[in-house]
$ cat start-v6.cif   # mmCIF, C-alpha atoms and all ligand atoms
data_final
#
loop_
_atom_site.label_atom_id
_atom_site.label_comp_id
_atom_site.auth_asym_id
_atom_site.auth_seq_id
_atom_site.Cartn_x
_atom_site.Cartn_y
_atom_site.Cartn_z
CA MET A 220 30.10 5.70 -10.38
CA ALA A 221 32.83 3.12 -9.74
CA THR A 222 36.42 3.16 -8.55
CA SER A 223 39.44 1.10 -9.60
CA SER A 224 39.45 -0.71 -6.21
CA THR A 225 38.26 -4.33 -6.25
CA LYS A 226 36.65 -4.34 -2.81
CA TYR A 227 33.97 -2.46 -0.91
CA THR A 228 35.04 -0.35 2.11
CA LYS A 229 34.96 -2.00 5.58
CA THR A 230 32.00 0.19 6.56
CA ALA A 231 30.07 -0.86 3.42
CA ILE A 232 30.82 -4.54 4.19
CA ILE A 233 29.63 -4.25 7.82
CA LEU A 234 26.46 -2.42 6.74
CA HIS A 235 25.77 -4.97 3.99
CA TRP A 236 25.82 -8.00 6.33
CA LEU A 237 24.15 -6.23 9.28
CA ILE A 238 21.25 -5.02 7.13
CA GLY A 239 21.07 -8.25 5.11
CA PHE A 240 20.71 -10.49 8.16
CA GLY A 241 18.53 -7.85 9.84
CA ILE A 242 16.07 -7.98 6.95
CA ILE A 243 15.95 -11.80 6.97
CA PHE A 244 15.31 -11.66 10.76
CA MET A 245 12.50 -9.14 10.15
CA PHE A 246 10.78 -11.42 7.63
CA LEU A 247 10.91 -14.34 10.08
CA LEU A 248 9.69 -12.11 12.94
CA GLY A 249 6.92 -10.63 10.73
CA TRP A 250 5.53 -14.05 9.78
CA TYR A 251 5.94 -15.37 13.35
CA MET A 252 4.13 -12.48 15.03
CA CYS A 253 1.21 -12.40 12.54
CA ASP A 254 0.44 -16.05 13.47
CA LEU A 255 0.21 -15.27 17.21
CA PRO A 256 -3.31 -15.41 18.72
CA LYS A 257 -5.05 -12.07 19.40
CA GLU A 258 -6.12 -13.30 22.86
CA ALA A 259 -3.31 -14.63 25.05
CA PRO A 260 -2.24 -14.19 28.68
CA LYS A 261 -0.09 -11.14 29.36
CA SER A 262 3.41 -11.50 30.78
CA MET A 263 6.42 -9.41 31.89
CA SER A 264 9.04 -11.76 30.47
CA PHE A 265 9.34 -13.39 27.05
CA ASP A 266 11.62 -16.26 26.08
CA LEU A 267 12.49 -14.99 22.58
CA PHE A 268 10.79 -17.26 20.01
CA ASP A 269 10.61 -19.96 22.72
CA LEU A 270 14.19 -20.97 21.90
CA GLY A 271 15.44 -20.95 25.51
CA ILE A 272 18.35 -18.64 24.53
CA TYR A 273 17.34 -15.21 25.79
CA THR A 274 14.51 -14.06 28.05
CA TRP A 275 13.42 -10.43 27.59
CA GLN A 276 12.23 -8.69 30.78
CA LEU A 277 9.66 -5.88 30.53
CA SER A 278 8.61 -3.26 33.08
CA GLU A 279 4.88 -3.86 32.49
CA GLU A 280 2.66 -6.76 31.48
CA THR A 281 1.93 -7.15 27.78
CA SER A 282 0.48 -9.77 25.43
CA PRO A 283 2.86 -11.84 23.27
CA ARG A 284 1.39 -10.28 20.10
CA SER A 285 1.98 -6.76 21.36
CA PHE A 286 5.52 -7.64 22.53
CA TYR A 287 6.58 -9.08 19.17
CA PHE A 288 4.84 -6.33 17.16
CA ASN A 289 6.74 -3.72 19.21
CA LEU A 290 9.99 -5.63 18.69
CA HIS A 291 9.31 -5.72 14.93
CA LYS A 292 8.68 -1.97 14.86
CA SER A 293 11.78 -1.20 16.98
CA VAL A 294 14.18 -3.34 14.94
CA GLY A 295 12.55 -2.09 11.70
CA ILE A 296 13.13 1.56 12.60
CA THR A 297 16.72 0.79 13.59
CA LEU A 298 17.22 -0.89 10.20
CA LEU A 299 15.66 2.09 8.41
CA GLY A 300 18.28 4.33 10.08
CA LEU A 301 21.08 1.93 9.07
CA ILE A 302 19.71 1.76 5.50
CA ALA A 303 19.65 5.59 5.29
CA PHE A 304 23.28 5.65 6.48
CA ARG A 305 24.17 2.93 3.97
CA ILE A 306 22.72 4.97 1.10
CA PHE A 307 24.67 8.03 2.27
CA TRP A 308 27.82 5.87 2.41
CA ARG A 309 27.19 4.42 -1.04
CA LEU A 310 26.74 7.89 -2.52
CA THR A 311 29.91 9.22 -0.90
CA HIS A 312 32.04 6.05 -1.36
CA PRO A 313 31.55 4.66 -4.89
CA ALA A 314 31.36 0.87 -5.30
CA PRO A 315 34.25 -0.98 -6.97
CA ALA A 316 33.77 -1.52 -10.72
CA LEU A 317 31.97 -4.75 -11.70
CA LEU A 318 34.29 -7.50 -12.93
CA LYS A 319 35.58 -7.12 -16.50
CA THR A 320 34.70 -10.76 -17.15
CA MET A 321 30.98 -10.03 -16.73
CA LYS A 322 28.91 -9.74 -19.90
CA ALA A 323 27.12 -6.45 -20.67
CA TRP A 324 23.67 -7.93 -19.83
CA GLU A 325 25.00 -9.28 -16.52
CA LYS A 326 26.32 -5.85 -15.57
CA LYS A 327 22.99 -4.23 -16.49
CA LEU A 328 21.03 -6.82 -14.48
CA ALA A 329 23.39 -6.47 -11.47
CA ASN A 330 23.15 -2.67 -11.50
CA ALA A 331 19.36 -2.74 -11.90
CA THR A 332 18.96 -5.27 -9.04
CA HIS A 333 21.26 -3.25 -6.73
CA HIS A 334 19.37 0.00 -7.41
CA ALA A 335 15.99 -1.72 -6.96
CA LEU A 336 17.23 -3.27 -3.68
CA TYR A 337 18.16 0.18 -2.33
CA LEU A 338 14.74 1.60 -3.28
CA ILE A 339 12.75 -1.32 -1.87
CA MET A 340 14.90 -1.45 1.30
CA VAL A 341 13.64 2.07 2.03
CA LEU A 342 10.02 1.53 0.91
CA LEU A 343 9.47 -1.61 3.02
CA PRO A 344 10.24 -0.12 6.46
CA ALA A 345 8.74 3.24 5.38
CA SER A 346 5.42 1.53 4.58
CA GLY A 347 5.64 -0.22 7.98
CA VAL A 348 6.14 3.13 9.72
CA ALA A 349 3.16 4.62 7.83
CA MET A 350 0.99 1.61 8.75
CA ALA A 351 1.96 1.89 12.43
CA LEU A 352 1.32 5.66 12.44
CA TYR A 353 -2.19 5.25 11.02
CA SER A 354 -3.00 2.38 13.41
CA LYS A 355 -4.37 3.05 16.86
CA TYR A 356 -1.15 1.82 18.51
CA GLY A 357 1.48 4.27 17.21
CA ILE A 358 5.21 3.64 17.48
CA LYS A 359 7.55 2.97 20.38
CA TRP A 360 11.27 2.36 19.89
CA PHE A 361 12.37 -0.23 22.46
CA GLY A 362 9.85 1.23 24.93
CA ILE A 363 10.46 4.91 24.12
CA PRO A 364 7.29 6.50 22.67
CA LEU A 365 8.01 8.05 19.26
CA ALA A 366 4.54 8.75 17.86
CA GLU A 367 0.89 8.37 18.87
CA GLY A 368 -1.32 6.29 16.56
CA LEU A 369 -3.77 8.26 14.37
CA GLY A 370 -6.37 5.49 14.46
CA ASP A 371 -7.32 5.74 10.77
CA GLU A 372 -8.32 2.19 9.79
CA ALA A 373 -8.69 2.86 6.05
CA MET A 374 -5.21 4.39 5.70
CA ARG A 375 -3.73 1.70 7.93
CA ASP A 376 -5.16 -0.98 5.60
CA ILE A 377 -3.69 0.73 2.53
CA PHE A 378 -0.19 0.72 4.04
CA LYS A 379 -0.67 -2.79 5.43
CA ASN A 380 -1.34 -4.05 1.88
CA ALA A 381 1.60 -1.99 0.59
CA HIS A 382 3.87 -3.50 3.30
CA GLY A 383 2.84 -7.02 2.21
CA ILE A 384 3.32 -6.36 -1.53
CA ILE A 385 6.66 -4.54 -1.08
CA GLY A 386 7.77 -7.43 1.17
CA ILE A 387 7.11 -9.91 -1.67
CA ILE A 388 9.06 -7.68 -4.11
CA LEU A 389 12.01 -7.51 -1.67
CA LEU A 390 11.95 -11.28 -1.19
CA THR A 391 12.01 -11.77 -5.00
CA LEU A 392 14.96 -9.37 -5.38
CA LEU A 393 16.79 -11.06 -2.49
CA VAL A 394 16.38 -14.48 -4.12
CA LEU A 395 17.66 -13.09 -7.44
CA HIS A 396 20.60 -11.43 -5.62
CA ILE A 397 21.54 -14.66 -3.78
CA LEU A 398 21.16 -16.80 -6.94
CA ALA A 399 23.52 -14.41 -8.76
CA VAL A 400 26.11 -14.69 -5.96
CA LEU A 401 25.83 -18.51 -6.04
CA LYS A 402 26.32 -18.53 -9.84
CA HIS A 403 29.39 -16.28 -9.60
CA THR A 404 30.84 -18.38 -6.76
CA PHE A 405 30.22 -21.91 -8.04
CA VAL A 406 29.82 -21.57 -11.83
CA ASN A 407 32.04 -18.61 -12.83
CA LYS A 408 34.36 -18.97 -9.78
CA ASP A 409 35.30 -15.30 -10.27
CA GLY A 410 35.63 -14.20 -6.62
CA THR A 411 32.62 -11.85 -6.64
CA LEU A 412 31.67 -12.82 -3.06
CA LYS A 413 35.17 -11.91 -1.79
CA ARG A 414 34.49 -8.27 -2.74
CA MET A 415 31.95 -8.20 0.11
CA MET A 416 34.15 -10.10 2.64
CA PHE A 417 36.80 -8.81 5.03
CA LYS A 418 39.56 -11.19 3.92
C1 LIG B 1 13.32 -4.26 6.91
C2 LIG B 1 12.21 -3.98 7.37
C3 LIG B 1 10.95 -4.81 7.46
C4 LIG B 1 10.65 -6.08 7.01
C5 LIG B 1 11.54 -7.04 6.23
C6 LIG B 1 9.28 -6.36 7.42
C7 LIG B 1 8.59 -7.53 7.15
C8 LIG B 1 7.30 -7.82 7.58
C9 LIG B 1 6.59 -9.04 7.33
C10 LIG B 1 7.14 -10.25 6.55
C11 LIG B 1 5.37 -8.95 7.91
C12 LIG B 1 4.25 -10.00 7.89
C13 LIG B 1 3.32 -9.70 6.73
C14 LIG B 1 2.25 -10.76 6.57
O1 LIG B 1 2.56 -11.95 6.56
O2 LIG B 1 1.09 -10.35 6.46
C15 LIG B 1 5.28 -7.65 8.55
C16 LIG B 1 4.19 -7.17 9.25
C17 LIG B 1 4.16 -5.97 9.93
N1 LIG B 1 5.14 -4.99 9.93
FE1 LIG B 1 6.94 -5.10 9.02
N2 LIG B 1 8.80 -5.27 8.10
C18 LIG B 1 9.77 -4.31 8.15
C19 LIG B 1 9.71 -3.08 8.77
C20 LIG B 1 8.64 -2.61 9.54
C21 LIG B 1 8.61 -1.35 10.26
C22 LIG B 1 9.74 -0.31 10.30
C23 LIG B 1 7.40 -1.28 10.89
C24 LIG B 1 6.83 -0.20 11.78
C25 LIG B 1 7.50 0.71 12.43
C26 LIG B 1 6.66 -2.49 10.57
C27 LIG B 1 5.40 -2.79 11.01
C28 LIG B 1 4.72 -3.96 10.74
C29 LIG B 1 3.42 -4.28 11.30
C30 LIG B 1 2.58 -3.42 12.28
C31 LIG B 1 3.06 -5.54 10.78
C32 LIG B 1 1.78 -6.35 11.09
C33 LIG B 1 0.69 -6.08 10.10
C34 LIG B 1 -0.60 -6.67 10.65
O3 LIG B 1 -0.85 -7.84 10.39
O4 LIG B 1 -1.31 -5.94 11.32
N3 LIG B 1 7.45 -3.27 9.75
N4 LIG B 1 6.47 -6.98 8.32
#
$ encode --input "start-v6.cif" --output "structure tokens"
Amino acid sequence: MATSSTKYTKTAIILHWLIGFGIIFMFLLGWYMCDLPKEAPKSMSFDLFDLGIYTWQLSEETSPRSFYFNLHKSVGITLLGLIAFRIFWRLTHPAPALLKTMKAWEKKLANATHHALYLIMVLLPASGVAMALYSKYGIKWFGIPLAEGLGDEAMRDIFKNAHGIIGIILLTLLVLHILAVLKHTFVNKDGTLKRMMFK
């Protein structure tokens, strides 16, 4: 469903950029943490990504791998909540109609990509939650225990593979989405990007 307005609501715009950058951060964090050594000295403070910008203090000693895995789970669950709210918002606040200058195939491709993005944005963190639940570690949200791990290796591996494959699908859709925005901005010069900006 679409309205006659030419812009998204302020809430939709905030959610779009918060979740978009959140997802990019999660990819970088996911790749970073998986490369960390399994054996490393424990610590109670972590200089985030060794950038010298922010040092995170903990109440107990933990290994770097465990610290970053917990951060990934905590931010991922937060994003899942924001994504659920975004879907609710999208269903209750219809998007503005696509530009009249777009060809029929462009509209179909844009709609299909947007729907697929919503689906995959849910499936990626959901598969992460399932993986973490079946692991022996369980889930904490910024230190607050949410669920004990079930310790089922076989199921954990299934969801780990799913998380990896869904991640590649999301990356592909994101690239397609960004390429489309670049084409509209620099080739068609039709102001599509402004629909998702405050001014
Ligand atoms: C927007 C959400 C998310 C994104 C973009 C994301 C992305 C990633 C990426 C890129 C990796 C590295 C995969 C690899 O190179 O093998 C990863 C690993 C992982 N993710 Fe996520 N993730 C998300 C949400 C979650 C959530 C919500 C959880 C759990 C609550 C989670 C748990 C994990 C775990 C445990 C691993 C490590 C797998 C392993 O090697 O043991 N992820 N994620």
$ residues_near_ligand --input "start-v6.cif" --ligand "ligand LIG 1 (chain B)" --cutoff "7 Å" --atoms "only C-alpha atoms and all ligand atoms" --output "ChimeraX atom specification"
/A:241-243,245-247,249-250,253,288,291-293,295-296,298-299,340,343-345,347-348,350-351,358,379,382-383,386
$ atom_distance --input "start-v6.cif" --atom1 "atom CA of A:Asp266" --atom2 "atom CA of A:Gly368"
27.7 Å
$ atom_distance --input "start-v6.cif" --atom1 "atom CA of A:Lys261" --atom2 "atom CA of A:Ser354"
21.1 Å
$ atom_distance --input "start-v6.cif" --atom1 "atom CA of A:Ala381" --atom2 "atom CA of A:Tyr356"
18.5 Å
$ closest_residue --input "start-v6.cif" --among "A:Leu392, A:Ala373, A:Leu352, A:Ile232" --to "A:Ala335" --atoms "all atoms listed in the file"
A:Leu392
$ closest_residue --input "start-v6.cif" --among "A:Thr311, A:Ser285, A:Thr225, A:Ser278" --to "A:Ala259" --atoms "all atoms listed in the file"
A:Ser285
$ residues_around --input "start-v6.cif" --residues "A:Lys257" --least-positions-apart "4" --cutoff "9 Å" --atoms "only C-alpha atoms" --output "number ranges by chain"
A: 282-284
$ residues_around --input "start-v6.cif" --residues "A:Lys413" --least-positions-apart "2" --cutoff "10 Å" --atoms "all atoms listed in the file" --output "list in words"
Thr225, Lys226, Tyr227, Thr404, Asp409, Gly410, Thr411, Met415, Met416, Phe417 and Lys418 of chain A
$ write_last_selection --input "start-v6.cif" --atoms "C-alpha atoms" --output "mmCIF file, in the coordinates of the input"
data_model
loop_
_atom_site.group_PDB
_atom_site.id
_atom_site.type_symbol
_atom_site.label_atom_id
_atom_site.label_comp_id
_atom_site.auth_asym_id
_atom_site.auth_seq_id
_atom_site.Cartn_x
_atom_site.Cartn_y
_atom_site.Cartn_z
ATOM 1 C CA THR A 225 38.260 -4.330 -6.250
ATOM 2 C CA LYS A 226 36.650 -4.340 -2.810
ATOM 3 C CA TYR A 227 33.970 -2.460 -0.910
ATOM 4 C CA THR A 404 30.840 -18.380 -6.760
ATOM 5 C CA ASP A 409 35.300 -15.300 -10.270
ATOM 6 C CA GLY A 410 35.630 -14.200 -6.620
ATOM 7 C CA THR A 411 32.620 -11.850 -6.640
ATOM 8 C CA MET A 415 31.950 -8.200 0.110
ATOM 9 C CA MET A 416 34.150 -10.100 2.640
ATOM 10 C CA PHE A 417 36.800 -8.810 5.030
ATOM 11 C CA LYS A 418 39.560 -11.190 3.920
#
$ residues_around --input "start-v6.cif" --residues "A:Val400" --least-positions-apart "3" --cutoff "12 Å" --atoms "all atoms listed in the file" --output "NGL selection string"
:A and (325 or 329 or 393-397 or 403-415)
$ closest_residue --input "start-v6.cif" --among "A:Ala231, A:Leu267, A:Leu237, A:Ala349" --to "A:Phe378" --atoms "only C-alpha atoms"
A:Ala349
$ closest_residue --input "start-v6.cif" --among "A:Phe304, A:Phe286, A:Tyr353, A:Trp324" --to "A:Met252" --atoms "all atoms listed in the file"
A:Phe286
$ closest_residue --input "start-v6.cif" --among "A:Ile377, A:Val341, A:Gly370, A:Arg305" --to "A:Lys229" --atoms "only C-alpha atoms"
A:Arg305
$ closest_residue --input "start-v6.cif" --among "A:Ile339, A:Leu277, A:Leu248, A:Ala399" --to "A:Ser262" --atoms "only C-alpha atoms"
A:Leu277
$ residues_around --input "start-v6.cif" --residues "A:Leu301" --least-positions-apart "4" --cutoff "8 Å" --atoms "all atoms listed in the file" --output "VMD selection string"
chain A and resid 234 238 297 305
$ write_last_selection --input "start-v6.cif" --atoms "C-alpha atoms" --output "mmCIF file, keeping the file's coordinate frame"
data_model
loop_
_atom_site.group_PDB
_atom_site.id
_atom_site.type_symbol
_atom_site.label_atom_id
_atom_site.label_comp_id
_atom_site.auth_asym_id
_atom_site.auth_seq_id
_atom_site.Cartn_x
_atom_site.Cartn_y
_atom_site.Cartn_z
ATOM 1 C CA LEU A 234 26.460 -2.420 6.740
ATOM 2 C CA ILE A 238 21.250 -5.020 7.130
ATOM 3 C CA THR A 297 16.720 0.790 13.590
ATOM 4 C CA ARG A 305 24.170 2.930 3.970
#
$ axis_aligned_box --input "start-v6.cif" --around "stretch 299-302 of chain A" --padding-each-side "6 Å" --output "AutoDock Vina command-line options"
--center_x 18.4 --center_y 3.0 --center_z 7.8 --size_x 17.4 --size_y 14.6 --size_z 16.6
$ residues_near_point --input "start-v6.cif" --point "(35.8, 6.6, 1.8)" --cutoff "12 Å" --atoms "all atoms listed in the file" --output "mmCIF file with C-alpha atoms, in the coordinates of the input"
data_model
loop_
_atom_site.group_PDB
_atom_site.id
_atom_site.type_symbol
_atom_site.label_atom_id
_atom_site.label_comp_id
_atom_site.auth_asym_id
_atom_site.auth_seq_id
_atom_site.Cartn_x
_atom_site.Cartn_y
_atom_site.Cartn_z
ATOM 1 C CA THR A 222 36.420 3.160 -8.550
ATOM 2 C CA SER A 224 39.450 -0.710 -6.210
ATOM 3 C CA LYS A 226 36.650 -4.340 -2.810
ATOM 4 C CA TYR A 227 33.970 -2.460 -0.910
ATOM 5 C CA THR A 228 35.040 -0.350 2.110
ATOM 6 C CA LYS A 229 34.960 -2.000 5.580
ATOM 7 C CA THR A 230 32.000 0.190 6.560
ATOM 8 C CA ALA A 231 30.070 -0.860 3.420
ATOM 9 C CA PHE A 307 24.670 8.030 2.270
ATOM 10 C CA TRP A 308 27.820 5.870 2.410
ATOM 11 C CA ARG A 309 27.190 4.420 -1.040
ATOM 12 C CA LEU A 310 26.740 7.890 -2.520
ATOM 13 C CA THR A 311 29.910 9.220 -0.900
ATOM 14 C CA HIS A 312 32.040 6.050 -1.360
ATOM 15 C CA PRO A 313 31.550 4.660 -4.890
ATOM 16 C CA ALA A 314 31.360 0.870 -5.300
ATOM 17 C CA PRO A 315 34.250 -0.980 -6.970
#
$ residues_near_point --input "start-v6.cif" --point "(12.0, -5.2, 26.8)" --cutoff "9 Å" --atoms "only C-alpha atoms" --output "JSON, numbers by chain"
{"A": [263, 264, 265, 275, 276, 277, 278, 286, 290, 361, 362]}
